[in-house]
Amino acid sequence: MHDYGAFSYASKDEMIGKSKEFWNPDKTQFWQDSGVDLVIDRREGYYLWDMHGRRLIDVHLNGGTYNLGHRNPEVVAAVTAAMGHFDIGNHHFPSLARTALAEALIKSAPAGLTKVAYGSGGGEAIDIALKTARHTTQKRKIVSIVKAYHGHTGLAVGAGDQRFSELFLSDRPEEFPQVPFNDLDAMEQALRGRDVAAVIMETIPATYGFPLPEPGYLEAVKALCERYDALYIADEVQTGLMRTGEMWGITKHGISPDILVTGKGISGGIYPISAVLMSERAAGWLREDGFGHMSTFGGAELGCIAALKTLEICGRPEVRTMVHYISDLMQSGLADIQRDYPDWFTGVRANGVVMGLEFNHPQGAKYVMKHLYETGVWAIFSTLDPTVLQFKPGILLTPALAEEILDRTEVAIGKACAEVRGRGRRVR
């Protein structure tokens with residue numbers, strides 16, 4: 001019997017059966033078919049334990065949500081203490097915690113960002129950003145990148161890959177044109193008509209497998225936005241909070257975006273919150289009609305407390321130093337593994353601890369994911385490019401744990417290579 005107080009399950013099989021019945025049948029079955037029968041039970045730091053007690057090292061981090069590890073003790077302590085005074089709060093009124101976090105975010109941000117609006121998750125924050133751009137420019141078009149992912153809410157899903165936009169009848173190419181990543185000519189062609197409200201870009205596109213921007217590309221896109229009167233929205237949901245070795249990845253390119261979006265990791269993995277940082281120009285609706293966007297749970301005060309502590313931890317000089325150290329250690333170790341499998345493990349995309357591992361097979365990352373799981377490491381394939389494995393070490397990782405991850409990864413890559421070459425079995 002697995003007793004969790006508020007609920008219990010007789011077995012893992014019973015739980016999986018009920019997940020199919022009451023929650024999401026396709027997603028539940030997908031993982032069973034993929035050889036990943038994970039049901040997360042206990043979690044602590046960068047470790048997960050399955051219901052059967054198997055321990056996994058987490059280098060997926062749920063897209064960076066667990067940047068500081070699971071149940072980070074400092075964030076837990078901050079939220080626990082805050083519960084003696086705060087709750088969600090009331091979104092209609094000036095807020096103690098919301099104002100404190102807004103001030104801290106602006107102090108951490110690229111120059112020119114002056115105001116903050118809140119959501120409860122990344123998709124909602126993207127919606128706020130896109131609505132903001134449309135209000136500011138009085139234009140409707142939003143340009144994004146082919147294979148982009150910005151969330152599943154109303155406007156966000158329209159700016160993303162057609163796999164998701166078509167499913168919910170949100171594919172509107174006349175409003176959401178897309179251009180290939182790293183293609184400046186296509187970007188200028190999309191902007192030349194001066195009818196675009198904003199370009200939205202992940203600094204490194206995550207769900208597309210972390211392709212890296214070519215030198216000067218993002219800077220040139222920002223210049224094109226200025227030339228054709230479009231706003232530049234930096235989606236930093238997965239590249240912010242020190243993951244690239246700087247608080248915000250976009251600053252490594254010397255860019256001050258008109259709007260910056262953060263989510264996932266800003267919650268500390270403890271309480272849902274997301275935020276949209278805006279320039280004074282973009283924030284016009286906050287002066288014109290502050291009730292223009294309302295979100296009952298956006299900027300919940302307990303979430304603000306979690307985010308304040310998260311921001312403080314991420315900004316510590318020793319954390320920045322360790323991110324650079326772990327990045328170098330990981331890249332060196334992965335290069336050694338790559339030399340042993342040059343025709344299978346073909347490349348590493350890396351900026352700080354944002355990493356994508358490339359494999360020479362159309363479903364290669366799914367094979368590696370399965371063998372990593374069996375070897376005690378959890379990483380996930382890139383949804384929109386399954387040749388690439390998302391590999392995202394946490395920013396508080398210890399060198400000893402980094403070495404253990406590398407050892408287990410070497411074993412898993414070797415086993416995946418042997419399976420593909422030996423049997424060529426298809427994966428869904």
# chains A, B, ... in the order shown; residues from 1 in each chain; ligands from 1
>>> residues_around(residues="A:Ala117", least_positions_apart="3", cutoff="8 Å", atoms="only C-alpha atoms", output="PyMOL selection string")
chain A and resi 128+275-277+299
>>> select_by_dssp(residues="stretch 124-345 of chain A", states="helix (DSSP H, G or I)", output="number ranges by chain")
A: 124-137, 154-158, 162-165, 184-191, 217-227, 249-253, 264-267, 284-288, 301-314, 317-340
>>> atom_distance(atom1="atom CA of A:Arg42", atom2="atom CA of A:Gly5")
13.8 Å
>>> residues_around(residues="A:Ala198", least_positions_apart="2", cutoff="7 Å", atoms="only C-alpha atoms", output="list in words")
Ala133, Ile142, Val143, Val196, Ile200, Ala230, Leu231, Tyr232 and Ile233 of chain A
>>> write_last_selection(atoms="N, CA and C atoms", output="tab-separated table (two decimals), in the first residue's frame")
chain	number	residue	atom	x	y	z
A	133	ALA	N	2.21	43.62	-26.62
A	133	ALA	CA	2.80	44.07	-27.89
A	133	ALA	C	1.73	44.59	-28.83
A	142	ILE	N	2.22	38.50	-35.01
A	142	ILE	CA	3.29	38.09	-34.12
A	142	ILE	C	4.18	37.11	-34.89
A	143	VAL	N	5.44	37.45	-35.07
A	143	VAL	CA	6.38	36.57	-35.77
A	143	VAL	C	7.09	35.70	-34.75
A	196	VAL	N	3.88	44.12	-38.21
A	196	VAL	CA	4.15	43.13	-37.16
A	196	VAL	C	4.24	43.82	-35.81
A	200	ILE	N	8.70	37.18	-31.22
A	200	ILE	CA	8.91	36.47	-29.97
A	200	ILE	C	9.88	35.32	-30.21
A	230	ALA	N	8.73	46.91	-34.63
A	230	ALA	CA	8.15	45.74	-33.95
A	230	ALA	C	8.86	45.58	-32.62
A	231	LEU	N	8.16	45.09	-31.63
A	231	LEU	CA	8.78	44.84	-30.33
A	231	LEU	C	9.54	43.51	-30.35
A	232	TYR	N	10.56	43.43	-29.53
A	232	TYR	CA	11.34	42.19	-29.36
A	232	TYR	C	10.97	41.59	-28.01
A	233	ILE	N	10.38	40.38	-28.05
A	233	ILE	CA	10.01	39.67	-26.83
A	233	ILE	C	10.99	38.54	-26.61
>>> atom_distance(atom1="atom CA of A:Val353", atom2="atom CA of A:Arg243")
5.6 Å
>>> atom_distance(atom1="atom CA of A:Arg194", atom2="atom CA of A:Glu236")
25.4 Å
>>> residues_around(residues="A:Leu260", least_positions_apart="4", cutoff="12 Å", atoms="only C-alpha atoms", output="ChimeraX atom specification")
/A:105-106,108-118,122,125-126,128-130,132-133,199-203,231-240,248-251,255-256,274-279,282-283
>>> closest_residue(among="A:Pro215, A:Gly414, A:Gly315, A:Gly89", to="A:Thr296", atoms="only C-alpha atoms")
A:Gly89
>>> residues_around(residues="A:Tyr373", least_positions_apart="5", cutoff="9 Å", atoms="only C-alpha atoms", output="PyMOL selection string")
chain A and resi 35-36+38+56+368+378-379+412
>>> closest_residue(among="A:Ile145, A:Cys417, A:Leu389, A:Ile266", to="A:Ala306", atoms="only C-alpha atoms")
A:Ile266
>>> select_by_dssp(residues="stretch 114-291 of chain A", states="strand (DSSP E or B)", output="PyMOL selection string")
chain A and resi 114-119+141-145+178-179+196-202+231-235+240+248+259-262+274-279
>>> write_last_selection(atoms="N, CA and C atoms", output="short mmCIF file (atom, residue, chain, number, x, y, z; two decimals), in the first residue's frame")
data_model
loop_
_atom_site.label_atom_id
_atom_site.label_comp_id
_atom_site.auth_asym_id
_atom_site.auth_seq_id
_atom_site.Cartn_x
_atom_site.Cartn_y
_atom_site.Cartn_z
N THR A 114 11.06 48.25 -16.99
CA THR A 114 10.69 49.08 -15.83
C THR A 114 9.44 48.62 -15.09
N LYS A 115 8.62 47.77 -15.70
CA LYS A 115 7.36 47.37 -15.09
C LYS A 115 7.20 45.86 -15.17
N VAL A 116 6.38 45.30 -14.25
CA VAL A 116 6.16 43.86 -14.18
C VAL A 116 4.67 43.57 -14.10
N ALA A 117 4.22 42.58 -14.88
CA ALA A 117 2.88 42.01 -14.76
C ALA A 117 3.05 40.52 -14.50
N TYR A 118 2.07 39.90 -13.86
CA TYR A 118 2.22 38.52 -13.38
C TYR A 118 1.20 37.57 -13.99
N GLY A 119 1.64 36.32 -14.13
CA GLY A 119 0.76 35.21 -14.45
C GLY A 119 1.02 34.08 -13.47
N LYS A 141 0.01 41.13 -35.97
CA LYS A 141 0.89 40.02 -36.33
C LYS A 141 1.97 39.78 -35.27
N ILE A 142 2.22 38.50 -35.01
CA ILE A 142 3.29 38.09 -34.12
C ILE A 142 4.18 37.11 -34.89
N VAL A 143 5.44 37.45 -35.07
CA VAL A 143 6.38 36.57 -35.77
C VAL A 143 7.09 35.70 -34.75
N SER A 144 7.11 34.39 -35.03
CA SER A 144 7.84 33.46 -34.17
C SER A 144 8.68 32.54 -35.06
N ILE A 145 9.33 31.58 -34.43
CA ILE A 145 10.27 30.70 -35.11
C ILE A 145 9.60 29.37 -35.44
N GLN A 178 5.60 32.37 -39.25
CA GLN A 178 6.80 31.79 -38.66
C GLN A 178 7.93 31.77 -39.68
N VAL A 179 9.14 31.93 -39.17
CA VAL A 179 10.33 31.91 -40.02
C VAL A 179 11.35 30.95 -39.42
N VAL A 196 3.88 44.12 -38.21
CA VAL A 196 4.15 43.13 -37.16
C VAL A 196 4.24 43.82 -35.81
N ALA A 197 3.50 43.30 -34.84
CA ALA A 197 3.54 43.86 -33.49
C ALA A 197 4.81 43.48 -32.76
N ALA A 198 5.23 42.20 -32.91
CA ALA A 198 6.40 41.75 -32.15
C ALA A 198 6.99 40.50 -32.78
N VAL A 199 8.25 40.32 -32.52
CA VAL A 199 8.94 39.06 -32.74
C VAL A 199 9.14 38.42 -31.38
N ILE A 200 8.70 37.18 -31.22
CA ILE A 200 8.91 36.47 -29.97
C ILE A 200 9.88 35.32 -30.21
N MET A 201 10.90 35.24 -29.38
CA MET A 201 11.93 34.22 -29.56
C MET A 201 12.42 33.71 -28.21
N GLU A 202 12.52 32.39 -28.08
CA GLU A 202 13.33 31.86 -26.99
C GLU A 202 14.78 32.16 -27.32
N LEU A 231 8.16 45.09 -31.63
CA LEU A 231 8.78 44.84 -30.33
C LEU A 231 9.54 43.51 -30.35
N TYR A 232 10.56 43.43 -29.53
CA TYR A 232 11.34 42.19 -29.36
C TYR A 232 10.97 41.59 -28.01
N ILE A 233 10.38 40.38 -28.05
CA ILE A 233 10.01 39.67 -26.83
C ILE A 233 10.99 38.54 -26.61
N ALA A 234 11.70 38.58 -25.50
CA ALA A 234 12.64 37.52 -25.14
C ALA A 234 11.94 36.54 -24.22
N ASP A 235 11.72 35.32 -24.71
CA ASP A 235 11.15 34.25 -23.89
C ASP A 235 12.31 33.59 -23.14
N GLY A 240 16.57 31.71 -18.62
CA GLY A 240 16.86 32.69 -17.57
C GLY A 240 17.30 32.04 -16.28
N TRP A 248 20.08 36.44 -17.03
CA TRP A 248 19.18 36.34 -18.19
C TRP A 248 20.03 36.08 -19.42
N ILE A 259 10.28 43.36 -24.05
CA ILE A 259 9.53 42.54 -23.11
C ILE A 259 10.34 41.28 -22.83
N LEU A 260 10.37 40.86 -21.57
CA LEU A 260 11.06 39.63 -21.18
C LEU A 260 10.09 38.79 -20.34
N VAL A 261 10.03 37.50 -20.64
CA VAL A 261 9.12 36.60 -19.94
C VAL A 261 9.92 35.57 -19.14
N THR A 262 9.52 35.39 -17.88
CA THR A 262 10.13 34.36 -17.05
C THR A 262 9.02 33.52 -16.41
N SER A 274 4.65 33.30 -12.67
CA SER A 274 5.41 33.73 -13.84
C SER A 274 5.34 35.24 -13.91
N ALA A 275 6.20 35.84 -14.72
CA ALA A 275 6.25 37.31 -14.76
C ALA A 275 6.61 37.79 -16.15
N VAL A 276 6.10 38.96 -16.48
CA VAL A 276 6.40 39.66 -17.73
C VAL A 276 7.02 41.00 -17.38
N LEU A 277 8.24 41.21 -17.83
CA LEU A 277 8.95 42.47 -17.60
C LEU A 277 8.84 43.31 -18.86
N MET A 278 8.49 44.59 -18.72
CA MET A 278 8.19 45.44 -19.87
C MET A 278 8.98 46.74 -19.81
N SER A 279 9.28 47.26 -21.01
CA SER A 279 9.83 48.61 -21.09
C SER A 279 8.73 49.62 -20.78
#
>>> closest_residue(among="A:Thr383, A:Arg43, A:Trp285, A:Lys147", to="A:Ile57", atoms="only C-alpha atoms")
A:Arg43
>>> closest_residue(among="A:Ala6, A:Thr153, A:Gly121, A:Leu401", to="A:Thr65", atoms="only C-alpha atoms")
A:Gly121
>>> closest_residue(among="A:Trp344, A:Tyr271, A:Phe210, A:Tyr46", to="A:Ile405", atoms="only C-alpha atoms")
A:Tyr46
>>> closest_residue(among="A:Phe86, A:Trp49, A:Trp23, A:Tyr4", to="A:Cys304", atoms="only C-alpha atoms")
A:Phe86
>>> residues_around(residues="A:Val323", least_positions_apart="3", cutoff="7 Å", atoms="only C-alpha atoms", output="MDAnalysis selection string")
chainID A and resid 245 319:320 326:327 352:353 395
